[in-house]
Every structure is written in C-alpha cells, then in structure tokens.
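K.L.:
If it helps, the file is called work_31.cif and holds mmCIF, C-alpha atoms:
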data_final
#
loop_
_atom_site.group_PDB
_atom_site.id
_atom_site.type_symbol
_atom_site.label_atom_id
_atom_site.label_comp_id
_atom_site.auth_asym_id
_atom_site.auth_seq_id
_atom_site.Cartn_x
_atom_site.Cartn_y
_atom_site.Cartn_z
ATOM 1 C CA MET A 1363 -2.164 -27.728 101.039
ATOM 2 C CA LYS A 1364 0.102 -30.386 99.665
ATOM 3 C CA ARG A 1365 1.981 -29.641 96.512
ATOM 4 C CA PRO A 1366 1.712 -32.236 93.751
ATOM 5 C CA ARG A 1367 4.662 -34.533 93.599
ATOM 6 C CA LYS A 1368 7.293 -33.843 90.963
ATOM 7 C CA GLY A 1369 6.331 -35.599 87.761
ATOM 8 C CA ALA A 1370 2.672 -35.991 88.735
ATOM 9 C CA ALA A 1371 -0.062 -34.438 86.513
ATOM 10 C CA SER A 1372 -1.900 -31.434 87.843
ATOM 11 C CA ALA A 1373 -5.424 -32.190 88.967
ATOM 12 C CA SER A 1374 -6.781 -29.398 86.738
ATOM 13 C CA LEU A 1375 -5.339 -30.932 83.543
ATOM 14 C CA PRO A 1376 -6.957 -33.942 81.927
ATOM 15 C CA GLN A 1377 -4.880 -37.095 81.930
ATOM 16 C CA ALA A 1378 -3.936 -38.617 78.594
ATOM 17 C CA LYS A 1379 -4.866 -42.210 78.132
ATOM 18 C CA ALA A 1380 -2.109 -44.699 77.647
ATOM 19 C CA GLY A 1381 -0.875 -44.783 74.070
ATOM 20 C CA GLU A 1382 -2.656 -41.537 73.234
ATOM 21 C CA ALA A 1383 -0.909 -38.237 72.407
ATOM 22 C CA PRO A 1384 -1.760 -35.355 74.657
ATOM 23 C CA ASN A 1385 -4.372 -32.925 73.296
ATOM 24 C CA LYS A 1386 -2.645 -29.558 72.967
ATOM 25 C CA GLY A 1387 -5.786 -27.743 71.925
ATOM 26 C CA ARG A 1388 -4.893 -27.468 68.226
ATOM 27 C CA LYS A 1389 -7.660 -27.779 65.649
ATOM 28 C CA ARG A 1390 -7.578 -30.765 63.450
ATOM 29 C CA LYS A 1391 -6.832 -30.033 59.790
ATOM 30 C CA SER A 1392 -9.568 -31.089 57.442
ATOM 31 C CA PRO A 1393 -8.273 -33.302 54.639
ATOM 32 C CA LYS A 1394 -7.695 -31.399 51.363
ATOM 33 C CA SER A 1395 -10.033 -32.280 48.547
ATOM 34 C CA HIS A 1396 -8.218 -33.839 45.588
ATOM 35 C CA VAL A 1397 -8.189 -31.510 42.573
ATOM 36 C CA GLU A 1398 -7.341 -32.960 39.200
ATOM 37 C CA PRO A 1399 -4.628 -30.839 37.495
ATOM 38 C CA GLU A 1400 -5.763 -29.074 34.324
ATOM 39 C CA VAL A 1401 -4.369 -30.816 31.293
ATOM 40 C CA LEU A 1402 -3.558 -28.367 28.507
ATOM 41 C CA PRO A 1403 -3.538 -29.680 24.943
ATOM 42 C CA ASP A 1404 -0.137 -29.963 23.324
ATOM 43 C CA LYS A 1405 0.781 -27.058 21.077
ATOM 44 C CA ARG A 1406 0.713 -27.907 17.404
ATOM 45 C CA ASN A 1407 4.082 -27.661 15.707
ATOM 46 C CA LEU A 1408 3.075 -24.739 13.436
ATOM 47 C CA GLU A 1409 0.211 -23.385 15.528
ATOM 48 C CA ASP A 1410 1.481 -19.792 15.719
ATOM 49 C CA LEU A 1411 2.862 -19.664 12.175
ATOM 50 C CA TRP A 1412 0.119 -17.309 10.955
ATOM 51 C CA LYS A 1413 0.844 -14.890 13.805
ATOM 52 C CA LYS A 1414 4.539 -14.773 12.928
ATOM 53 C CA ALA A 1415 3.705 -13.486 9.438
ATOM 54 C CA PHE A 1416 3.475 -9.731 10.043
ATOM 55 C CA PRO A 1417 0.143 -8.333 8.746
ATOM 56 C CA VAL A 1418 1.537 -5.725 6.367
ATOM 57 C CA GLY A 1419 -0.620 -2.656 5.804
ATOM 58 C CA THR A 1420 -2.717 -3.137 8.948
ATOM 59 C CA GLU A 1421 -3.334 -0.203 11.267
ATOM 60 C CA TRP A 1422 -1.393 -0.574 14.502
ATOM 61 C CA ASP A 1423 -4.451 -0.079 16.712
ATOM 62 C CA GLN A 1424 -6.223 -2.942 14.896
ATOM 63 C CA LEU A 1425 -3.615 -5.598 15.687
ATOM 64 C CA ASP A 1426 -5.009 -6.492 19.115
ATOM 65 C CA ASP A 1427 -8.490 -6.943 17.639
ATOM 66 C CA VAL A 1428 -7.050 -9.333 15.052
ATOM 67 C CA TYR A 1429 -5.099 -11.440 17.545
ATOM 68 C CA ASN A 1430 -7.853 -11.533 20.186
ATOM 69 C CA VAL A 1431 -10.029 -13.690 17.930
ATOM 70 C CA LYS A 1432 -9.249 -17.426 17.932
ATOM 71 C CA TRP A 1433 -8.607 -17.662 14.205
ATOM 72 C CA ASP A 1434 -7.851 -21.172 12.981
ATOM 73 C CA PHE A 1435 -5.203 -21.619 10.271
ATOM 74 C CA THR A 1436 -4.905 -25.399 10.404
ATOM 75 C CA ASN A 1437 -5.338 -25.338 6.615
ATOM 76 C CA LEU A 1438 -2.032 -23.448 6.400
ATOM 77 C CA GLU A 1439 -0.386 -25.898 8.793
ATOM 78 C CA ASN A 1440 -1.689 -28.879 6.811
ATOM 79 C CA ALA A 1441 -0.253 -27.440 3.596
ATOM 80 C CA PHE A 1442 3.237 -28.185 4.985
ATOM 81 C CA GLU A 1443 2.356 -31.824 5.694
ATOM 82 C CA GLU A 1444 3.046 -34.636 3.245
ATOM 83 C CA GLY A 1445 0.695 -34.252 0.290
ATOM 84 C CA GLY A 1446 0.161 -30.533 0.916
ATOM 85 C CA GLU A 1447 0.908 -27.750 -1.575
ATOM 86 C CA LEU A 1448 3.864 -26.494 0.488
ATOM 87 C CA TYR A 1449 5.369 -29.821 1.564
ATOM 88 C CA GLU A 1450 9.183 -29.760 1.556
ATOM 89 C CA LYS A 1451 9.251 -26.452 -0.357
ATOM 90 C CA LYS A 1452 11.016 -23.224 0.480
ATOM 91 C CA VAL A 1453 8.270 -20.808 1.441
ATOM 92 C CA TYR A 1454 8.110 -17.112 2.325
ATOM 93 C CA LEU A 1455 5.026 -15.942 4.231
ATOM 94 C CA PHE A 1456 3.559 -12.514 4.820
ATOM 95 C CA GLY A 1457 0.253 -11.500 6.333
ATOM 96 C CA CYS A 1458 -2.342 -8.843 5.605
ATOM 97 C CA THR A 1459 -5.892 -8.071 6.713
ATOM 98 C CA GLU A 1460 -9.131 -7.478 4.827
ATOM 99 C CA PRO A 1461 -11.777 -5.323 6.568
ATOM 100 C CA GLN A 1462 -15.147 -6.981 5.927
ATOM 101 C CA LEU A 1463 -18.707 -6.618 7.218
ATOM 102 C CA VAL A 1464 -19.585 -9.998 8.736
ATOM 103 C CA ASN A 1465 -22.208 -11.511 11.002
ATOM 104 C CA TRP A 1466 -20.639 -11.844 14.440
ATOM 105 C CA LYS A 1467 -22.355 -12.876 17.654
ATOM 106 C CA ASP A 1468 -25.642 -10.921 17.821
ATOM 107 C CA GLY A 1469 -25.183 -8.568 14.889
ATOM 108 C CA GLN A 1470 -23.077 -7.315 12.033
ATOM 109 C CA LYS A 1471 -19.609 -5.951 12.556
ATOM 110 C CA VAL A 1472 -16.702 -4.738 10.440
ATOM 111 C CA MET A 1473 -13.780 -7.012 11.283
ATOM 112 C CA CYS A 1474 -10.202 -7.229 10.006
ATOM 113 C CA ILE A 1475 -9.971 -10.742 8.574
ATOM 114 C CA PRO A 1476 -6.381 -12.038 8.705
ATOM 115 C CA VAL A 1477 -4.974 -13.522 5.517
ATOM 116 C CA VAL A 1478 -1.648 -15.290 4.966
ATOM 117 C CA VAL A 1479 0.072 -15.343 1.560
ATOM 118 C CA ALA A 1480 2.653 -18.057 0.930
ATOM 119 C CA VAL A 1481 5.234 -17.550 -1.817
ATOM 120 C CA VAL A 1482 7.096 -20.628 -3.041
ATOM 121 C CA SER A 1483 10.541 -19.445 -4.115
ATOM 122 C CA PRO A 1484 14.178 -20.610 -3.750
ATOM 123 C CA PHE A 1485 15.188 -17.074 -2.714
ATOM 124 C CA PRO A 1486 13.463 -14.101 -1.011
ATOM 125 C CA PRO A 1487 10.750 -12.973 -3.455
ATOM 126 C CA SER A 1488 11.306 -9.313 -2.643
ATOM 127 C CA ASP A 1489 13.371 -6.943 -0.524
ATOM 128 C CA LYS A 1490 11.097 -3.965 -1.161
ATOM 129 C CA VAL A 1491 7.654 -2.675 -0.222
ATOM 130 C CA GLY A 1492 5.363 -0.316 -2.065
ATOM 131 C CA LEU A 1493 3.689 2.669 -0.394
ATOM 132 C CA LYS A 1494 0.353 3.475 -1.986
ATOM 133 C CA SER A 1495 -2.656 5.431 -0.735
ATOM 134 C CA ILE A 1496 -5.430 7.644 -2.055
ATOM 135 C CA GLN A 1497 -3.431 10.675 -0.958
ATOM 136 C CA ARG A 1498 -0.358 9.598 -2.952
ATOM 137 C CA GLU A 1499 -0.405 10.176 -6.688
ATOM 138 C CA LYS A 1500 2.212 7.485 -7.338
ATOM 139 C CA GLU A 1501 3.318 4.297 -5.667
ATOM 140 C CA GLU A 1502 6.656 4.692 -3.932
ATOM 141 C CA ILE A 1503 8.964 1.655 -3.891
ATOM 142 C CA ILE A 1504 11.336 1.551 -0.916
ATOM 143 C CA PRO A 1505 13.605 -1.083 0.738
ATOM 144 C CA MET A 1506 11.916 -3.283 3.342
ATOM 145 C CA LYS A 1507 14.613 -2.447 5.872
ATOM 146 C CA LYS A 1508 13.500 1.200 5.809
ATOM 147 C CA MET A 1509 10.237 -0.031 7.346
ATOM 148 C CA LYS A 1510 12.185 -2.292 9.758
ATOM 149 C CA MET A 1511 10.939 -5.377 7.940
ATOM 150 C CA THR A 1512 12.846 -8.482 6.932
ATOM 151 C CA TRP A 1513 12.424 -12.197 6.188
ATOM 152 C CA ALA A 1514 13.219 -14.296 9.258
ATOM 153 C CA PRO A 1515 13.399 -18.105 9.603
ATOM 154 C CA TYR A 1516 10.441 -19.636 11.423
ATOM 155 C CA ILE A 1517 11.308 -22.011 14.266
ATOM 156 C CA PRO A 1518 8.651 -24.752 14.714
ATOM 157 C CA GLU A 1519 7.489 -25.578 18.232
ATOM 158 C CA GLU A 1520 9.437 -28.858 18.311
ATOM 159 C CA ASN A 1521 12.759 -27.012 17.894
ATOM 160 C CA ARG A 1522 12.277 -24.149 20.333
ATOM 161 C CA TYR A 1523 14.118 -25.952 23.128
ATOM 162 C CA LEU A 1524 17.350 -25.679 21.142
ATOM 163 C CA LEU A 1525 20.067 -23.192 21.957
ATOM 164 C CA GLN A 1526 20.437 -20.178 19.693
ATOM 165 C CA SER A 1527 23.630 -21.590 18.198
ATOM 166 C CA GLN A 1528 21.806 -24.823 17.360
ATOM 167 C CA VAL A 1529 18.845 -22.950 15.870
ATOM 168 C CA GLU A 1530 21.172 -21.055 13.554
ATOM 169 C CA ARG A 1531 22.446 -24.371 12.174
ATOM 170 C CA LEU A 1532 18.951 -25.512 11.267
ATOM 171 C CA LYS A 1533 18.186 -25.297 7.568
ATOM 172 C CA SER A 1534 14.775 -23.682 7.736
ATOM 173 C CA ASN A 1535 12.487 -23.861 4.708
ATOM 174 C CA ILE A 1536 9.909 -21.478 6.184
ATOM 175 C CA PHE A 1537 10.503 -17.745 6.407
ATOM 176 C CA THR A 1538 8.087 -15.101 7.643
ATOM 177 C CA MET A 1539 8.047 -11.376 7.139
ATOM 178 C CA THR A 1540 8.781 -9.766 10.495
ATOM 179 C CA CYS A 1541 8.730 -6.170 11.670
ATOM 180 C CA THR A 1542 10.993 -4.976 14.486
ATOM 181 C CA GLN A 1543 9.218 -1.655 14.958
ATOM 182 C CA ARG A 1544 8.183 -1.581 18.631
ATOM 183 C CA ARG A 1545 4.598 -0.496 19.200
ATOM 184 C CA ALA A 1546 5.612 1.239 22.425
ATOM 185 C CA ALA A 1547 7.866 3.542 20.414
ATOM 186 C CA LEU A 1548 5.128 4.654 18.008
ATOM 187 C CA LYS A 1549 4.281 7.635 20.203
ATOM 188 C CA HIS A 1550 7.676 9.093 19.345
ATOM 189 C CA LEU A 1551 7.066 8.868 15.588
ATOM 190 C CA LYS A 1552 5.442 11.464 13.369
ATOM 191 C CA LEU A 1553 1.919 10.671 12.172
ATOM 192 C CA GLU A 1554 3.098 10.564 8.557
ATOM 193 C CA ARG A 1555 5.648 7.883 9.448
ATOM 194 C CA ILE A 1556 3.038 5.815 11.321
ATOM 195 C CA LYS A 1557 0.682 6.022 8.340
ATOM 196 C CA GLU A 1558 3.361 4.583 6.060
ATOM 197 C CA TYR A 1559 2.925 1.231 7.804
ATOM 198 C CA GLU A 1560 -0.766 1.286 6.914
ATOM 199 C CA TYR A 1561 -0.084 2.057 3.247
ATOM 200 C CA CYS A 1562 2.637 -0.498 2.526
ATOM 201 C CA LEU A 1563 2.444 -3.900 0.870
ATOM 202 C CA PRO A 1564 5.176 -6.245 -0.365
ATOM 203 C CA TYR A 1565 6.406 -5.292 -3.817
ATOM 204 C CA PHE A 1566 7.099 -8.184 -6.176
ATOM 205 C CA TYR A 1567 8.991 -7.377 -9.349
ATOM 206 C CA GLN A 1568 8.330 -9.914 -12.077
ATOM 207 C CA PRO A 1569 10.324 -8.929 -15.181
ATOM 208 C CA LEU A 1570 9.079 -11.951 -17.136
ATOM 209 C CA LYS A 1571 5.594 -10.386 -17.233
ATOM 210 C CA GLU A 1572 4.526 -7.009 -18.513
ATOM 211 C CA ASP A 1573 4.084 -4.410 -15.812
ATOM 212 C CA GLU A 1574 0.592 -2.910 -15.418
ATOM 213 C CA LEU A 1575 2.087 0.475 -16.245
ATOM 214 C CA GLU A 1576 3.163 -0.827 -19.653
ATOM 215 C CA GLN A 1577 -0.434 -1.632 -20.554
ATOM 216 C CA ASP A 1578 -2.169 1.366 -18.980
ATOM 217 C CA MET A 1579 -3.434 3.966 -21.461
ATOM 218 C CA ILE A 1580 -5.323 5.992 -18.852
ATOM 219 C CA VAL A 1581 -3.800 9.072 -17.251
ATOM 220 C CA THR A 1582 -5.181 10.621 -14.084
ATOM 221 C CA ILE A 1583 -5.395 14.362 -14.624
ATOM 222 C CA VAL A 1584 -5.249 16.749 -11.667
ATOM 223 C CA TYR A 1585 -5.538 20.176 -13.278
ATOM 224 C CA PRO A 1586 -4.400 22.929 -10.875
ATOM 225 C CA MET A 1587 -7.402 25.127 -10.142
ATOM 226 C CA GLU A 1588 -9.392 25.976 -7.061
ATOM 227 C CA PRO A 1589 -10.899 23.467 -6.596
ATOM 228 C CA PRO A 1590 -8.686 21.244 -8.793
ATOM 229 C CA VAL A 1591 -10.218 19.494 -11.815
ATOM 230 C CA ILE A 1592 -9.728 15.755 -11.459
ATOM 231 C CA CYS A 1593 -10.497 13.373 -14.317
ATOM 232 C CA GLU A 1594 -9.152 10.408 -16.271
ATOM 233 C CA PHE A 1595 -8.043 10.654 -19.890
ATOM 234 C CA ASP A 1596 -7.588 7.618 -22.138
ATOM 235 C CA TRP A 1597 -5.074 8.649 -24.777
ATOM 236 C CA GLU A 1598 -6.004 5.708 -27.005
ATOM 237 C CA LEU A 1599 -9.786 6.157 -26.993
ATOM 238 C CA ASP A 1600 -10.457 9.799 -26.054
ATOM 239 C CA ASP A 1601 -10.219 12.694 -28.499
ATOM 240 C CA LEU A 1602 -8.700 15.612 -26.595
ATOM 241 C CA GLU A 1603 -10.799 18.292 -28.315
ATOM 242 C CA GLU A 1604 -14.082 16.484 -27.686
ATOM 243 C CA PHE A 1605 -13.008 15.548 -24.173
ATOM 244 C CA THR A 1606 -12.269 19.199 -23.301
ATOM 245 C CA ASP A 1607 -15.547 20.453 -24.845
ATOM 246 C CA ASP A 1608 -17.493 17.913 -22.758
ATOM 247 C CA MET A 1609 -15.740 19.162 -19.622
ATOM 248 C CA ILE A 1610 -16.808 22.727 -20.447
ATOM 249 C CA THR A 1611 -20.375 21.672 -21.342
ATOM 250 C CA ASN A 1612 -20.715 19.853 -18.030
ATOM 251 C CA GLU A 1613 -19.391 22.970 -16.236
ATOM 252 C CA VAL A 1614 -16.446 21.088 -14.835
ATOM 253 C CA LEU A 1615 -13.961 23.341 -16.637
ATOM 254 C CA PRO A 1616 -14.309 27.104 -17.304
ATOM 255 C CA GLU A 1617 -14.248 27.941 -21.011
ATOM 256 C CA ASP A 1618 -11.354 30.378 -20.606
ATOM 257 C CA GLN A 1619 -9.196 27.469 -19.381
ATOM 258 C CA LYS A 1620 -9.720 25.339 -22.508
ATOM 259 C CA ASN A 1621 -6.335 25.832 -24.194
ATOM 260 C CA ALA A 1622 -4.357 25.712 -20.952
ATOM 261 C CA PHE A 1623 -6.164 22.508 -19.956
ATOM 262 C CA LYS A 1624 -5.404 20.857 -23.314
ATOM 263 C CA GLU A 1625 -1.712 21.681 -23.047
ATOM 264 C CA PHE A 1626 -1.641 20.344 -19.499
ATOM 265 C CA VAL A 1627 -3.229 17.051 -20.597
ATOM 266 C CA LYS A 1628 -0.754 16.713 -23.481
ATOM 267 C CA GLY A 1629 2.117 17.147 -21.037
ATOM 268 C CA GLN A 1630 0.699 14.485 -18.714
ATOM 269 C CA VAL A 1631 0.288 12.053 -21.609
ATOM 270 C CA ARG A 1632 3.880 12.619 -22.780
ATOM 271 C CA GLU A 1633 5.163 11.994 -19.241
ATOM 272 C CA SER A 1634 3.123 8.801 -18.949
ATOM 273 C CA LYS A 1635 4.355 7.444 -22.303
ATOM 274 C CA LYS A 1636 7.938 8.239 -21.315
ATOM 275 C CA LYS A 1637 7.563 6.217 -18.101
ATOM 276 C CA GLN A 1638 6.097 3.313 -20.034
ATOM 277 C CA ARG A 1639 9.095 3.245 -22.353
ATOM 278 C CA GLU A 1640 11.488 3.364 -19.387
ATOM 279 C CA VAL A 1641 9.695 0.502 -17.616
ATOM 280 C CA LYS A 1642 9.655 -1.618 -20.766
ATOM 281 C CA GLU A 1643 13.348 -1.003 -21.451
ATOM 282 C CA ALA A 1644 14.269 -1.785 -17.828
ATOM 283 C CA ARG A 1645 12.333 -5.047 -17.977
ATOM 284 C CA LYS A 1646 14.008 -6.126 -21.223
ATOM 285 C CA LYS A 1647 17.420 -5.283 -19.771
ATOM 286 C CA ALA A 1648 16.681 -7.297 -16.614
ATOM 287 C CA ILE A 1649 15.694 -10.345 -18.683
ATOM 288 C CA LYS A 1650 18.794 -10.043 -20.847
ATOM 289 C CA GLU A 1651 21.116 -9.911 -17.820
ATOM 290 C CA MET A 1652 19.286 -12.673 -15.911
ATOM 291 C CA ASP A 1653 20.970 -16.056 -15.431
ATOM 292 C CA GLU A 1654 19.038 -19.230 -16.216
ATOM 293 C CA ALA A 1655 18.689 -20.274 -12.555
ATOM 294 C CA THR A 1656 16.994 -16.995 -11.655
ATOM 295 C CA LYS A 1657 14.791 -17.122 -14.726
ATOM 296 C CA THR A 1658 13.675 -20.666 -13.899
ATOM 297 C CA ALA A 1659 12.976 -19.661 -10.295
ATOM 298 C CA LEU A 1660 10.829 -16.719 -11.399
ATOM 299 C CA GLU A 1661 8.921 -18.898 -13.852
ATOM 300 C CA ASN A 1662 8.185 -21.445 -11.100
ATOM 301 C CA MET A 1663 7.339 -18.934 -8.361
ATOM 302 C CA ARG A 1664 3.870 -19.631 -6.951
ATOM 303 C CA PHE A 1665 1.541 -17.688 -4.656
ATOM 304 C CA TYR A 1666 -0.987 -19.296 -2.283
ATOM 305 C CA LYS A 1667 -3.565 -17.364 -0.283
ATOM 306 C CA PHE A 1668 -4.929 -18.755 2.994
ATOM 307 C CA TYR A 1669 -8.028 -17.591 4.848
ATOM 308 C CA PRO A 1670 -8.834 -18.883 8.359
ATOM 309 C CA VAL A 1671 -10.933 -22.032 8.695
ATOM 310 C CA GLN A 1672 -14.519 -21.676 9.915
ATOM 311 C CA THR A 1673 -14.968 -22.596 13.618
ATOM 312 C CA PRO A 1674 -17.627 -21.885 16.290
ATOM 313 C CA ASP A 1675 -15.278 -19.206 17.700
ATOM 314 C CA THR A 1676 -14.983 -17.222 14.454
ATOM 315 C CA PRO A 1677 -17.393 -15.436 12.081
ATOM 316 C CA ASP A 1678 -18.501 -16.955 8.789
ATOM 317 C CA ILE A 1679 -16.323 -15.371 6.075
ATOM 318 C CA SER A 1680 -17.251 -17.687 3.205
ATOM 319 C CA ASP A 1681 -19.039 -14.870 1.307
ATOM 320 C CA VAL A 1682 -16.264 -12.275 1.623
ATOM 321 C CA LYS A 1683 -13.217 -14.224 0.474
ATOM 322 C CA VAL A 1684 -11.351 -12.713 -2.466
ATOM 323 C CA TYR A 1685 -8.931 -14.840 -4.489
#
With the file now loaded, output its structure as structure tokens.
P.N.:
Amino acid sequence: MKRPRKGAASASLPQAKAGEAPNKGRKRKSPKSHVEPEVLPDKRNLEDLWKKAFPVGTEWDQLDDVYNVKWDFTNLENAFEEGGELYEKKVYLFGCTEPQLVNWKDGQKVMCIPVVVAVVSPFPPSDKVGLKSIQREKEEIIPMKKMKMTWAPYIPEENRYLLQSQVERLKSNIFTMTCTQRRAALKHLKLERIKEYEYCLPYFYQPLKEDELEQDMIVTIVYPMEPPVICEFDWELDDLEEFTDDMITNEVLPEDQKNAFKEFVKGQVRESKKKQREVKEARKKAIKEMDEATKTALENMRFYKFYPVQTPDTPDISDVKVY
C-alpha cells in the first residue's frame, strides 16, 4: 500500500473547496435575539423625602409594612416647587403613622397610613420628645438624643454625586428627623426601652400660647384600693361631697372609705393647681427673657400635614384623614 504523499489530503477526509474554510465539526452559533434594555424612569429629586422623615411613634415591626406599599407623596414634593407652601423656606420634617381600617384589595384591612408633618421655622422647632401612653400617668419630656434622634439635612437626588466635604458646604433648607437606632440591635434592648419608641412624639414648646395644662380643670383620680378606683374630678364644676356620695351610691366606693377618699381628692387637686401655677410662671418667664428674633420666629412658625396621594397602588384614605 502506498502512503499518501506529504502534504496530500487523506482519502478519508473531505476536501475543502477553494476559498472555503475547513469544517472542523463545530456547531454554528445561532444569532442572539436583540433584547431592548429596560429603561428605568429617572428618580425625582425629592422622591424619597417622605421616607427620610422617621415615623416617630411607630412600632418597629410595622415599618416594613409601611415602606412596602408604594405610597405617593408628590404633593409634598410639589410643595417645595415655585408657588408651593414650602418654596424657598426652611423646613423641618418628621413622620408618623395613623392606623386606620381601609378597603384594600379584596377586603378591609387595618393599615398604618404614613403622614409627614412639615414645620416652617428658621431654627429646629424642638430638641425634645414626649413619652406618653395609657400606662403612664404623666407625659415625660426627654431630649431627642436620648432616643438617638436628631434633625439631619436632606440631600436631594441631584446632589448625591457630591463628595461628603462638598455636601457639608451645601446650605440645606430641608431637615428631616432621623433615628440612628439600628433595628438589628433591638434584640439586645429591654422591652420597656423598645416600647419607648412607640410612645414618643415630637414635643413642641410654644410659650406664646397657653399650655393645655394651664386650662385643664379635670384631675384623674386613681384611688389606691384593690381594685383601684379610677375617676375624673372637675374641681370647677364638681362638688366634692356630692361627687363622693354618688360614688358610694353607685357602689364604686365603699362607704367606710368616704373621708379618706375626699382627702385624697383634695390632695390631688392641690398638686394639680400647683403644677398649673408653675407652668404659667415658667411660660411668663420664657416670654420675658425671649429676644425679638425668637419671638417673631415662634409667631410665624407654621405646621403643614401631608397625607399620601391616591393612586391605583394605594388604598383610598379620603375618609380617614384627620387634620
């Protein structure tokens, strides 16, 4: 058998035609179908402003439910545009939620409706929060920083490309209440401490107006018994003798406790009147020591409340708004 000459093709291999590349047995690649890239809408300049305003007093485990709904606060954004209530004004924003029974999807559901409150003021309207709940007899006023809350400048979307040093030089007119308490660290806190976040709301002291306590003539009485006797006594309208007799007649108070109960009520009334005097004197002192710039600022301070706008992605809340 003769061997094929050097350079000659083997008889068992097909010969390539002139000008044609040899077939190496590889599969041809099918052309890729052209897929149009998804075009995402540009982010509005203040689109996440409502989310930056910490919802004070909201339970921690409710926050995800609030943010998972596509709430629309374009009304808040528009208020900062030319012609809006907040245009070119210094504004401090805080959030809160209002649990309401609303029609949602195929039925009724209790939902936490987010609300944003805007305060027009040349300086922070408050550095304190008030803790108030059914379990607490009195409202406790504490510094915001104790709850890891503060007012922070809001950086609009158009400025977020700037370096931190450049951001700090911006003269922001929008500030939001922020909270630096990490949710992941809540498991290390006592339940009582966690509950404080649910009971707190911003505390605004307005010395130019009478405090509610100055006008309140009603005292809540919690008489120590087992079970305790709880009632309200109006020292301006109620006669103590008649009030006590009615309590005994209605079997709320044992007759042998009549005199002790009356003395207890008198003590509560004296304490309440003393607090009223102290509040009134403190308010007068604050006004006397106040400079004109601060007084003018307090007189011109304005509050605006914003509910989300109705959209197909959100429930109808038109019947549950409270202004």
K.L.:
May I have the residues within 12 Å of Met1539 of chain A as a ChimeraX atom specification, using all atoms listed in the file and disregarding those fewer than 4 positions away in the same chain?
P.N.:
/A:1411-1418,1453-1458,1478-1481,1486-1491,1506-1507,1509-1516,1563-1564
K.L.:
Which of these residues is nearest to Asn1662 of chain A, using only C-alpha atoms: A:Val1641, A:Met1609, A:Leu1553, A:Leu1570?
P.N.:
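Of all the options, A:Leu1570 lies closest to Asn1662 of chain A.
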K.L.:
Which residues, written as a VMD selection string, have at least one atom at most 12 Å from Glu1598 of chain A, with only C-alpha atoms counted and residues fewer than 5 positions away on the same chain left out?
P.N.:
chain A and resid 1577 to 1581 1631 1635
K.L.:
I want to know what sits within 7 Å of Glu1460 of chain A, based on only C-alpha atoms, with residues of the same chain fewer than 4 positions away left out; could you give that as JSON, numbers by chain?
P.N.:
{"A": [1474, 1475, 1476]}
K.L.:
With distances taken over all atoms listed in the file, which of A:Tyr1685, A:Tyr1567, A:Trp1433, A:Phe1626 is nearest to Val1671 of chain A?
P.N.:
A:Trp1433
K.L.:
Please measure the separation of atom CA of Asp1618 of chain A and atom CA of Pro1590 of chain A, giving the value in Å to one decimal.
P.N.:
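Computing it gives 15.2 Å between the two atoms.
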K.L.:
Give me, please, the distance in Å between atom CA of Asp1601 of chain A and atom CA of Glu1633 of chain A, quoted to one decimal.
P.N.:
18.0 Å
K.L.:
Going by the chain IDs and residue numbers used in this file, which residues fall under the PyMOL selection byres ((chain A and resi 1439) around 10)? Write them as a ChimeraX atom specification.
P.N.:
/A:1406-1412,1434-1438,1440-1443,1446,1448
K.L.:
Measuring atom to atom with all atoms listed in the file, identify which of A:Glu1447, A:Leu1493, A:Gln1424, A:Lys1647 is nearest to Pro1461 of chain A.
P.N.:
A:Gln1424
K.L.:
Please indicate the distance in Å from atom CA of Arg1522 of chain A to atom CA of Gly1445 of chain A, rounded to one decimal place.
P.N.:
25.3 Å
K.L.:
Measuring atom to atom with all atoms listed in the file, identify which of A:Asp1596, A:Asp1404, A:Glu1554, A:Glu1661 is nearest to Ser1483 of chain A.
P.N.:
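Result for the nearest residue to Ser1483 of chain A: A:Glu1661.
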K.L.:
Going by the chain IDs and residue numbers used in this file, which residues fall under the PyMOL selection byres ((chain A and resi 1602) around 12)? Write them as a ChimeraX atom specification.
P.N.:
/A:1594-1601,1603-1609,1620-1621,1623-1628,1631
